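What follows is the content of query-v2.csv (CSV, C-alpha atoms).
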```csv
chain,number,residue,atom,x,y,z
A,1,ALA,CA,0.0,0.0,0.0
A,2,ALA,CA,1.0,3.6,-0.5
A,3,VAL,CA,-0.1,6.8,1.3
A,4,ALA,CA,0.1,9.7,-1.0
A,5,ALA,CA,0.0,13.4,-0.1
A,6,GLY,CA,-0.8,15.5,-3.2
A,7,ARG,CA,0.2,19.0,-4.1
A,8,PRO,CA,-2.3,21.6,-3.0
A,9,ASP,CA,-3.0,22.7,-6.5
A,10,SER,CA,-2.9,19.2,-8.1
A,11,GLY,CA,-6.3,17.8,-7.0
A,12,GLY,CA,-4.3,15.0,-5.4
A,13,ALA,CA,-4.8,13.4,-2.0
A,14,GLN,CA,-4.5,15.6,1.0
A,15,GLU,CA,-3.1,14.7,4.4
A,16,PRO,CA,-4.6,11.5,5.8
A,17,SER,CA,-7.2,12.2,8.5
A,18,GLU,CA,-7.9,10.1,11.6
A,19,GLY,CA,-9.8,6.9,10.8
A,20,THR,CA,-8.7,6.8,7.1
A,21,VAL,CA,-8.8,3.3,5.7
A,22,ALA,CA,-7.4,1.7,2.6
A,23,GLY,CA,-9.4,2.8,-0.4
A,24,ALA,CA,-11.3,5.5,1.5
A,25,GLU,CA,-12.4,8.5,-0.4
A,26,ASP,CA,-11.0,11.9,0.6
A,27,PRO,CA,-13.9,14.0,2.0
A,28,THR,CA,-13.2,16.6,-0.7
A,29,GLY,CA,-14.0,14.0,-3.3
A,30,ARG,CA,-10.5,13.8,-4.5
A,31,SER,CA,-8.3,10.7,-5.0
A,32,PRO,CA,-8.1,7.9,-2.4
A,33,LEU,CA,-5.7,8.7,0.5
A,34,VAL,CA,-4.4,5.1,0.7
A,35,VAL,CA,-3.8,3.3,-2.5
A,36,THR,CA,-1.9,0.3,-3.8
A,37,VAL,CA,1.4,0.8,-5.6
A,38,ALA,CA,0.2,-1.1,-8.7
A,39,GLY,CA,-2.9,1.1,-8.8
A,40,LEU,CA,-0.8,4.3,-8.4
A,41,LEU,CA,1.4,3.3,-11.2
A,42,ASP,CA,-1.3,2.2,-13.7
A,43,GLY,CA,-3.4,5.3,-12.9
A,44,THR,CA,-6.5,3.5,-11.5
A,45,GLU,CA,-5.8,4.9,-8.1
A,46,GLY,CA,-4.2,8.0,-6.6
A,47,PRO,CA,-3.8,11.6,-7.9
A,48,GLY,CA,-2.9,10.8,-11.5
A,49,ARG,CA,0.0,12.2,-13.5
A,50,ASP,CA,0.9,15.7,-14.8
A,51,GLY,CA,1.6,16.6,-18.4
A,52,GLU,CA,5.1,15.1,-18.2
A,53,GLY,CA,3.8,11.8,-17.0
A,54,LEU,CA,4.9,12.3,-13.4
A,55,LEU,CA,2.8,11.6,-10.3
A,56,ALA,CA,1.3,14.8,-8.8
A,57,LEU,CA,2.7,14.3,-5.3
A,58,ASP,CA,4.8,16.0,-2.7
A,59,LEU,CA,5.2,13.0,-0.4
A,60,LEU,CA,4.8,9.3,-1.0
A,61,VAL,CA,5.0,6.7,1.9
A,62,VAL,CA,5.2,3.1,0.8
A,63,LEU,CA,4.1,0.5,3.4
A,64,ASP,CA,5.4,-3.1,3.3
A,65,ALA,CA,8.2,-1.8,1.1
A,66,PRO,CA,10.1,-5.1,1.2
A,67,GLN,CA,7.5,-6.4,-1.3
A,68,LEU,CA,8.7,-4.0,-4.0
A,69,ASP,CA,10.8,-5.9,-6.6
A,70,VAL,CA,13.3,-4.0,-8.8
A,71,GLU,CA,10.9,-3.4,-11.6
A,72,ALA,CA,8.1,-1.9,-9.4
A,73,ALA,CA,10.6,0.1,-7.5
A,74,ALA,CA,12.2,1.5,-10.6
A,75,ALA,CA,8.8,2.4,-12.1
A,76,LEU,CA,7.8,4.1,-8.9
A,77,VAL,CA,11.0,6.2,-8.6
A,78,GLU,CA,10.9,7.1,-12.3
A,79,ALA,CA,7.3,8.4,-11.9
A,80,LEU,CA,8.2,10.8,-9.1
A,81,PRO,CA,9.1,14.4,-9.9
A,82,ASP,CA,12.2,16.1,-8.5
A,83,GLY,CA,11.8,17.2,-4.9
A,84,VAL,CA,9.3,14.6,-3.9
A,85,ARG,CA,9.9,12.9,-0.5
A,86,LEU,CA,9.8,9.2,-0.7
A,87,VAL,CA,9.5,7.2,2.6
A,88,LEU,CA,9.9,3.4,2.5
A,89,SER,CA,8.6,1.5,5.5
A,90,GLY,CA,9.0,-2.2,6.3
A,91,ASP,CA,10.7,-5.0,8.2
A,92,VAL,CA,13.9,-6.3,6.8
A,93,ALA,CA,13.5,-9.5,8.8
A,94,GLY,CA,10.6,-10.7,6.6
A,95,LEU,CA,10.6,-12.2,3.2
A,96,PRO,CA,11.7,-10.1,0.2
A,97,SER,CA,9.6,-9.5,-2.8
A,98,ALA,CA,8.3,-12.4,-4.9
A,99,GLY,CA,9.9,-10.7,-7.9
A,100,PRO,CA,13.6,-10.2,-8.4
A,101,GLY,CA,15.8,-8.1,-6.2
A,102,ARG,CA,15.8,-7.1,-2.5
A,103,VAL,CA,15.4,-3.3,-2.9
A,104,PHE,CA,14.4,-2.5,0.6
A,105,ALA,CA,17.1,-4.6,2.3
A,106,ASP,CA,19.7,-3.2,0.0
A,107,LEU,CA,18.7,0.4,0.7
A,108,ALA,CA,18.6,-0.3,4.5
A,109,ALA,CA,22.1,-1.7,4.4
A,110,ILE,CA,23.7,1.4,2.8
A,111,PRO,CA,25.7,3.4,5.4
A,112,ASP,CA,24.7,6.9,6.3
A,113,TRP,CA,21.3,6.9,4.4
A,114,PRO,CA,18.6,8.7,6.5
A,115,ARG,CA,16.6,6.2,8.4
A,116,VAL,CA,14.4,5.8,11.5
A,117,VAL,CA,14.6,2.4,13.3
A,118,SER,CA,11.5,1.6,15.3
A,119,ARG,CA,10.9,-2.0,16.4
A,120,THR,CA,7.9,-2.5,18.7
A,121,PRO,CA,7.2,-6.2,18.9
A,122,ASP,CA,3.6,-7.3,18.7
A,123,PRO,CA,2.2,-8.0,22.2
A,124,GLY,CA,1.6,-11.5,23.6
A,125,PRO,CA,2.8,-15.0,22.8
A,126,ILE,CA,2.7,-14.5,19.0
A,127,GLY,CA,4.8,-11.3,19.3
A,128,GLU,CA,7.3,-13.1,21.5
A,129,LEU,CA,7.5,-16.1,19.1
A,130,VAL,CA,8.1,-13.9,16.1
A,131,SER,CA,10.6,-11.6,17.8
A,132,GLY,CA,12.6,-14.7,18.8
A,133,ILE,CA,12.6,-15.9,15.3
A,134,GLY,CA,13.8,-12.5,14.1
A,135,ALA,CA,16.8,-12.9,16.5
A,136,GLY,CA,17.5,-16.4,15.1
A,137,GLU,CA,15.9,-18.5,17.9
A,138,LEU,CA,12.8,-20.8,17.8
A,139,ALA,CA,11.8,-20.5,21.5
A,140,GLU,CA,9.0,-22.1,23.4
A,141,VAL,CA,6.6,-19.4,24.5
A,142,ALA,CA,3.9,-19.6,27.2
A,143,ALA,CA,0.5,-19.4,25.5
A,144,PRO,CA,-2.2,-19.8,28.2
A,145,GLY,CA,-4.9,-18.7,25.7
A,146,ARG,CA,-3.7,-21.1,23.0
A,147,GLU,CA,-2.3,-18.2,21.0
A,148,VAL,CA,0.5,-20.5,19.7
A,149,VAL,CA,0.0,-24.2,19.2
A,150,ILE,CA,2.6,-26.6,17.7
A,151,VAL,CA,1.1,-29.7,16.0
A,152,PRO,CA,3.8,-32.3,15.3
A,153,VAL,CA,3.2,-34.6,12.3
A,154,ARG,CA,5.0,-37.6,10.9
A,155,ASP,CA,4.4,-37.4,7.1
A,156,ALA,CA,2.9,-35.3,4.3
A,157,GLY,CA,-0.5,-37.0,4.5
A,158,GLU,CA,-0.8,-36.3,8.2
A,159,ALA,CA,0.3,-32.7,7.7
A,160,VAL,CA,-2.5,-32.0,5.1
A,161,HIS,CA,-5.0,-33.8,7.3
A,162,ARG,CA,-4.1,-31.8,10.4
A,163,ALA,CA,-4.1,-28.5,8.6
A,164,VAL,CA,-7.6,-29.1,7.3
A,165,GLN,CA,-8.7,-30.3,10.8
A,166,LEU,CA,-7.4,-27.2,12.4
A,167,VAL,CA,-9.1,-24.8,10.0
A,168,ALA,CA,-12.5,-26.6,9.9
A,169,ASP,CA,-12.8,-27.9,13.5
A,170,SER,CA,-10.1,-27.2,16.1
A,171,VAL,CA,-9.6,-23.4,15.7
A,172,PRO,CA,-13.4,-22.6,15.4
A,173,ARG,CA,-14.2,-24.8,18.4
A,174,ALA,CA,-11.4,-23.8,20.7
A,175,LEU,CA,-11.0,-20.1,19.8
A,176,GLY,CA,-14.3,-19.1,18.1
A,177,VAL,CA,-12.5,-18.1,14.9
A,178,PRO,CA,-14.5,-19.2,11.9
A,179,ALA,CA,-12.8,-21.1,9.1
A,180,GLU,CA,-13.2,-18.1,6.7
A,181,GLN,CA,-11.0,-16.0,9.0
A,182,THR,CA,-8.2,-18.6,9.2
A,183,GLN,CA,-5.5,-18.6,6.6
A,184,VAL,CA,-3.2,-21.6,5.8
A,185,ILE,CA,0.4,-20.7,4.9
A,186,ALA,CA,2.6,-23.1,3.0
A,187,VAL,CA,6.3,-23.2,2.1
A,188,ALA,CA,5.9,-23.6,-1.7
A,189,PRO,CA,3.2,-24.1,-4.4
A,190,GLY,CA,4.2,-27.7,-5.3
A,191,GLY,CA,4.9,-30.8,-3.4
A,192,MET,CA,2.8,-33.1,-1.3
A,193,VAL,CA,2.2,-30.3,1.2
A,194,GLY,CA,2.3,-27.3,-1.1
A,195,THR,CA,-0.5,-24.9,-1.8
A,196,ARG,CA,-1.9,-27.0,-4.6
A,197,ALA,CA,-2.4,-30.0,-2.4
A,198,LEU,CA,-3.6,-28.0,0.6
A,199,ASN,CA,-6.1,-26.0,-1.6
A,200,GLU,CA,-7.5,-29.2,-3.0
A,201,ALA,CA,-8.0,-30.7,0.5
A,202,LEU,CA,-9.4,-27.5,2.0
A,203,LYS,CA,-11.9,-26.9,-0.7
A,204,ALA,CA,-13.1,-30.5,-0.5
A,205,ARG,CA,-13.8,-29.9,3.2
A,206,LEU,CA,-14.9,-26.3,3.4
A,207,ASN,CA,-16.7,-25.7,0.0
A,208,PRO,CA,-17.2,-29.0,-1.8
A,209,GLY,CA,-18.4,-28.7,-5.3
A,210,PRO,CA,-17.9,-29.9,-8.9
A,211,GLY,CA,-15.7,-26.9,-9.9
A,212,ALA,CA,-18.2,-26.4,-12.8
A,213,PHE,CA,-16.9,-23.0,-13.6
A,214,GLY,CA,-13.2,-23.5,-14.6
A,215,GLY,CA,-12.5,-25.4,-11.5
A,216,PHE,CA,-14.3,-23.0,-9.2
A,217,ASP,CA,-17.7,-22.8,-7.4
A,218,PRO,CA,-19.5,-20.0,-5.6
A,219,GLY,CA,-18.1,-19.6,-2.1
A,220,ASP,CA,-14.5,-20.4,-3.1
A,221,ARG,CA,-11.7,-18.3,-1.8
A,222,VAL,CA,-9.5,-17.2,-4.6
A,223,LEU,CA,-6.4,-15.1,-5.5
A,224,TYR,CA,-7.3,-12.8,-8.4
A,225,GLY,CA,-4.5,-11.5,-10.6
A,226,THR,CA,-5.8,-8.2,-11.9
A,227,ALA,CA,-2.6,-7.2,-13.7
A,228,PRO,CA,1.1,-8.3,-13.8
A,229,GLY,CA,2.4,-8.1,-10.3
A,230,ARG,CA,-1.0,-7.2,-8.8
A,231,THR,CA,-3.2,-9.7,-7.0
A,232,LEU,CA,-6.2,-9.4,-4.7
A,233,LEU,CA,-7.8,-11.9,-2.3
A,234,ALA,CA,-11.4,-12.5,-3.2
A,235,ARG,CA,-14.4,-14.8,-2.9
A,236,VAL,CA,-16.5,-16.2,-5.7
A,237,HIS,CA,-19.9,-14.7,-5.2
A,238,SER,CA,-21.8,-16.2,-8.1
A,239,ALA,CA,-21.3,-17.7,-11.5
A,240,ASP,CA,-23.2,-17.9,-14.8
A,241,GLU,CA,-22.5,-17.9,-18.6
A,242,GLN,CA,-21.0,-14.4,-18.3
A,243,GLY,CA,-18.3,-15.5,-15.9
A,244,LEU,CA,-17.4,-15.5,-12.2
A,245,ARG,CA,-18.6,-12.6,-10.0
A,246,LEU,CA,-16.1,-11.9,-7.3
A,247,ARG,CA,-16.1,-9.9,-4.0
A,248,CYS,CA,-12.6,-8.6,-3.6
A,249,GLU,CA,-10.7,-7.4,-0.5
A,250,ASP,CA,-10.6,-3.9,-1.9
A,251,GLY,CA,-14.4,-3.8,-2.2
A,252,GLY,CA,-14.5,-4.3,-5.9
A,253,SER,CA,-17.0,-6.7,-7.6
A,254,PRO,CA,-15.4,-7.7,-11.0
A,255,VAL,CA,-16.7,-10.3,-13.4
A,256,VAL,CA,-14.1,-12.7,-14.7
A,257,ALA,CA,-15.0,-13.9,-18.2
A,258,PRO,CA,-14.9,-17.7,-18.7
A,259,GLY,CA,-11.8,-17.4,-21.0
A,260,LEU,CA,-9.8,-15.5,-18.3
A,261,VAL,CA,-10.6,-17.8,-15.4
A,262,ALA,CA,-7.7,-20.1,-15.8
A,263,ARG,CA,-5.2,-17.3,-16.4
A,264,THR,CA,-6.3,-14.9,-13.5
A,265,LEU,CA,-7.7,-17.1,-10.7
A,266,ARG,CA,-6.1,-19.5,-8.2
A,267,HIS,CA,-7.6,-21.1,-5.1
A,268,ALA,CA,-6.6,-19.2,-2.0
A,269,TRP,CA,-7.6,-21.5,0.9
A,270,ALA,CA,-3.8,-21.9,1.2
A,271,LEU,CA,-1.2,-19.3,0.2
A,272,THR,CA,2.6,-19.2,0.2
A,273,ALA,CA,4.2,-16.9,2.7
A,274,GLU,CA,5.2,-14.6,-0.2
A,275,GLN,CA,1.5,-14.3,-1.2
A,276,ALA,CA,0.4,-13.7,2.4
A,277,ALA,CA,3.1,-11.1,3.2
A,278,GLY,CA,1.6,-7.7,4.1
A,279,ARG,CA,-1.8,-9.3,5.1
A,280,ARG,CA,-3.0,-10.6,8.5
A,281,TRP,CA,-5.9,-12.8,9.6
A,282,PRO,CA,-7.4,-13.5,13.0
A,283,ALA,CA,-5.8,-17.0,12.8
A,284,ALA,CA,-3.2,-18.6,10.7
A,285,VAL,CA,-2.0,-22.2,10.2
A,286,ALA,CA,1.6,-22.4,9.0
A,287,VAL,CA,2.5,-25.8,7.5
A,288,VAL,CA,6.1,-26.9,7.7
A,289,PRO,CA,6.7,-30.1,5.8
A,290,GLY,CA,9.6,-32.5,6.3
A,291,ASP,CA,10.8,-31.9,2.7
A,292,ALA,CA,10.8,-28.1,2.9
A,293,GLY,CA,14.6,-28.1,2.2
A,294,ARG,CA,16.2,-24.8,1.2
A,295,GLU,CA,12.8,-23.1,1.0
A,296,LEU,CA,12.8,-23.1,4.8
A,297,THR,CA,14.5,-19.9,6.1
A,298,ARG,CA,14.3,-17.6,9.1
A,299,ALA,CA,12.5,-15.0,6.9
A,300,TRP,CA,9.9,-17.6,5.9
A,301,ALA,CA,9.1,-18.5,9.5
A,302,TYR,CA,9.2,-14.8,10.6
A,303,THR,CA,6.6,-14.0,7.9
A,304,ALA,CA,4.4,-17.1,8.1
A,305,PHE,CA,4.2,-17.3,11.9
A,306,GLY,CA,3.3,-13.6,12.1
A,307,ARG,CA,0.2,-13.7,9.9
A,308,GLY,CA,-2.1,-14.6,12.7
A,309,GLU,CA,-3.4,-11.8,15.0
A,310,ARG,CA,-5.0,-13.9,17.7
A,311,HIS,CA,-3.7,-17.4,17.0
A,312,VAL,CA,-1.1,-19.3,15.0
A,313,SER,CA,-0.9,-23.1,14.7
A,314,VAL,CA,2.3,-24.6,13.3
A,315,VAL,CA,1.9,-28.0,11.7
A,316,HIS,CA,5.4,-29.1,12.2
A,317,GLY,CA,6.9,-32.0,10.2
A,318,ALA,CA,10.4,-30.7,9.7
A,319,GLY,CA,11.9,-31.9,13.0
A,320,PRO,CA,15.2,-30.0,14.0
A,321,ALA,CA,15.5,-28.6,10.5
A,322,LEU,CA,13.1,-25.7,11.4
A,323,ALA,CA,15.2,-24.5,14.3
A,324,GLN,CA,18.3,-25.0,12.3
A,325,ALA,CA,17.0,-22.9,9.4
A,326,ILE,CA,15.9,-20.1,11.8
A,327,ALA,CA,19.3,-20.1,13.5
A,328,HIS,CA,21.5,-20.4,10.5
A,329,THR,CA,19.6,-19.4,7.3
A,330,PRO,CA,18.3,-15.9,7.6
A,331,VAL,CA,17.1,-15.7,4.0
A,332,ARG,CA,17.8,-17.2,0.6
A,333,GLU,CA,20.6,-15.2,-0.9
A,334,ARG,CA,20.0,-13.1,-3.9
A,335,THR,CA,22.6,-11.5,-6.1
A,336,THR,CA,22.0,-7.8,-6.6
A,337,ARG,CA,24.0,-4.7,-7.5
A,338,LEU,CA,21.8,-1.9,-6.0
A,339,ARG,CA,23.7,-1.6,-2.7
A,340,GLU,CA,27.0,-1.4,-4.6
A,341,LEU,CA,25.7,1.2,-7.1
A,342,LEU,CA,24.3,3.5,-4.4
A,343,THR,CA,27.1,3.2,-1.8
A,344,PRO,CA,29.3,6.4,-2.1
A,345,ARG,CA,32.8,5.6,-3.3
A,346,GLU,CA,35.8,7.6,-2.2
A,347,GLU,CA,37.7,9.0,-5.1
A,348,PRO,CA,41.3,7.8,-5.4
A,349,GLY,CA,43.9,10.3,-4.5
A,350,VAL,CA,45.6,12.3,-7.2
```
Just dump the structure as structure tokens.
Amino acid sequence: AAVAAGRPDSGGAQEPSEGTVAGAEDPTGRSPLVVTVAGLLDGTEGPGRDGEGLLALDLLVVLDAPQLDVEAAAALVEALPDGVRLVLSGDVAGLPSAGPGRVFADLAAIPDWPRVVSRTPDPGPIGELVSGIGAGELAEVAAPGREVVIVPVRDAGEAVHRAVQLVADSVPRALGVPAEQTQVIAVAPGGMVGTRALNEALKARLNPGPGAFGGFDPGDRVLYGTAPGRTLLARVHSADEQGLRLRCEDGGSPVVAPGLVARTLRHAWALTAEQAAGRRWPAAVAVVPGDAGRELTRAWAYTAFGRGERHVSVVHGAGPALAQAIAHTPVRERTTRLRELLTPREEPGV
């Protein structure tokens, strides 16, 4: 998301007021105060561009900035006129962008760049768990209200079974959090405990149906790709010969034509941690399979375990590999040049 403050004479967004929410209209009738980066760049949200194609802004604050890949970051910077203040906000301990690069981490690592460091852990057992992971330690935390539950499993089949059981039965019964407010987080799309396998099992339990509309039925939770690099969580509201009618997290109600269903929709009962980054739910179920391998990192656990506001269950089949990854593998390495290019170099003496 991005918070944009427009120029007084531009018709852009003004300073956010108390109670402003994502997508809320400015009381003056101008552009939304809080927009998505993708919407800002493609012109569907925000103050629009001036005659030179630049965004009519004085200040731009980008939230969850680690999710910016190099292409989105470059497009954003190129669209800003000279003199605009750009503030990037995020947590370097979490996963980087799904796309190439690690823009936020590279910028944060450059010496002497202006920054403000503020780390206030989330309260309670979940906050304690996630803070420990950020420091490289998988610690046991006291959770008298069942805020954190570890569920050991022996194999892939049991992992899928327990994940479905937690969402459909255990979490609603013990905590009063309904299934539609619980998100399953997986390590990868493929494999016996990836999002594909989990989505199939979760749909069969939570919203069984023939998948008569391109594999989907009314009531399905979906991930809707509205444009390259831009996805929204949604629910299928209805379906007919015109296509699938969605109810999106941004309040939109698009109709996806039959020919676009396979290209733009994916089931979203289970998401990867990359897809879940930047979002939170009342409860989350993180599934750690025994064959997670190199995909299992401290950044993955930090992101996945922090998606639940009231509760997180960890379906744990990785044995000691999880603690080892958290202690010794902060993140999967990426080769980038941004930090080198932007670090000031001392000129050689004459």
- Distance in Å - CA of Ala325 in chain A versus CA of Gly190 in chain A: 20.1 Å
- Task: State, in Å with one decimal place, the distance from CA of Arg119 in chain A to CA of Tyr302 in chain A.
- Result: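 It comes out at 14.2 Å.
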- Determine the nearest neighbour of Ala327 in chain A from the options A:Ile133, A:Ala239, A:Ala143, A:Leu260, counting all atoms listed in the file.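 Of A:Ile133, A:Ala239, A:Ala143, A:Leu260, the one nearest Ala327 in chain A is A:Ile133, counting all atoms listed in the file.
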- Task: Give the answer as one residue: which of A:Val70, A:Ala174, A:Val153, A:Met192 has the shortest atom-to-atom distance to Gly319 in chain A, using all atoms listed in the file?
- Result: A:Val153
- Residues at most 7 Å from range 270-286 of chain A, counting only C-alpha atoms, excluding those fewer than 2 positions away in the same chain, as a PyMOL selection string? chain A and resi 64+95+98+163+181-189+195+198-199+268+288+300+303-305+307-315
- Within 10 Å of Leu63 in chain A using all atoms listed in the file, minus same-chain residues under 3 positions, as a list in words: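 My list of contacting residues is Ala1, Ala2, Val3, Thr36, Val37, Leu60, Pro66, Gln67, Leu68, Val87, Leu88, Ser89, Gly90, Asp91 and Gly278 of chain A.
At a cut-off of 12 Å from (22.9, -1.5, -3.3), the residue set is Val70, Gly101, Arg102, Val103, Phe104, Ala105, Asp106, Leu107, Ala108, Ala109, Ile110, Pro111, Trp113, Arg334, Thr335, Thr336, Arg337, Leu338, Arg339, Glu340, Leu341, Leu342, Thr343 and Pro344 of chain A (counting all atoms listed in the file).
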- Query: With all atoms listed in the file as the atoms that count, which of A:Asn207, A:Glu137, A:Val287, A:His161 lies nearest to Thr329 in chain A?
  - Reply: A:Glu137
- What's the 7 Å shell around range 215-218 of chain A, counting only C-alpha atoms, without same-chain residues fewer than 2 positions away, as an MDAnalysis selection string? chainID A and resid 209 211:213 220 236:239
Preceding selection exported with C-alpha atoms as an mmCIF file, in the coordinates of the input:
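Output below, filename again.cif:
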```cif
data_model
loop_
_atom_site.group_PDB
_atom_site.id
_atom_site.type_symbol
_atom_site.label_atom_id
_atom_site.label_comp_id
_atom_site.auth_asym_id
_atom_site.auth_seq_id
_atom_site.Cartn_x
_atom_site.Cartn_y
_atom_site.Cartn_z
ATOM 1 C CA GLY A 209 -18.400 -28.700 -5.300
ATOM 2 C CA GLY A 211 -15.700 -26.900 -9.900
ATOM 3 C CA ALA A 212 -18.200 -26.400 -12.800
ATOM 4 C CA PHE A 213 -16.900 -23.000 -13.600
ATOM 5 C CA ASP A 220 -14.500 -20.400 -3.100
ATOM 6 C CA VAL A 236 -16.500 -16.200 -5.700
ATOM 7 C CA HIS A 237 -19.900 -14.700 -5.200
ATOM 8 C CA SER A 238 -21.800 -16.200 -8.100
ATOM 9 C CA ALA A 239 -21.300 -17.700 -11.500
#
```
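The nearest approach to His328 in chain A among the residues A:Asp112, A:Ala73, A:Gly251, A:Gly134, with only C-alpha atoms taken into account, belongs to A:Gly134.
Every residue within 9 Å of the file position (-14.4, -12.2, -11.2), judged by all atoms listed in the file, is given as A:Tyr224, A:Ala234, A:Arg235, A:Val236, A:His237, A:Ser238, A:Ala239, A:Gly243, A:Leu244, A:Arg245, A:Leu246, A:Arg247, A:Cys248, A:Ser253, A:Pro254, A:Val255, A:Val256, A:Ala257, A:Val261, A:Thr264, A:Leu265.
The residue that comes closest to Gly43 in chain A, out of A:Val62, A:Ala179, A:Ala79, A:Ala292 and on the basis of only C-alpha atoms, is A:Ala79.
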- Message: Can you measure CA of Gly252 in chain A to CA of Val35 in chain A for me? One decimal in Å is fine.
- Response: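 It comes out at 13.6 Å.
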- Of the candidates A:Ala38, A:Val331, A:Val222, A:Leu86, which one gets nearest to Glu71 in chain A if we count all atoms listed in the file?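 Closest candidate: A:Ala38.
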- Message: Please list as a PyMOL selection string every residue within 10 Å of Asp155 in chain A, counting only C-alpha atoms and excluding residues in the same chain fewer than 3 positions away.
- Response: chain A and resi 152+158-160+192-193+289-291+316-318
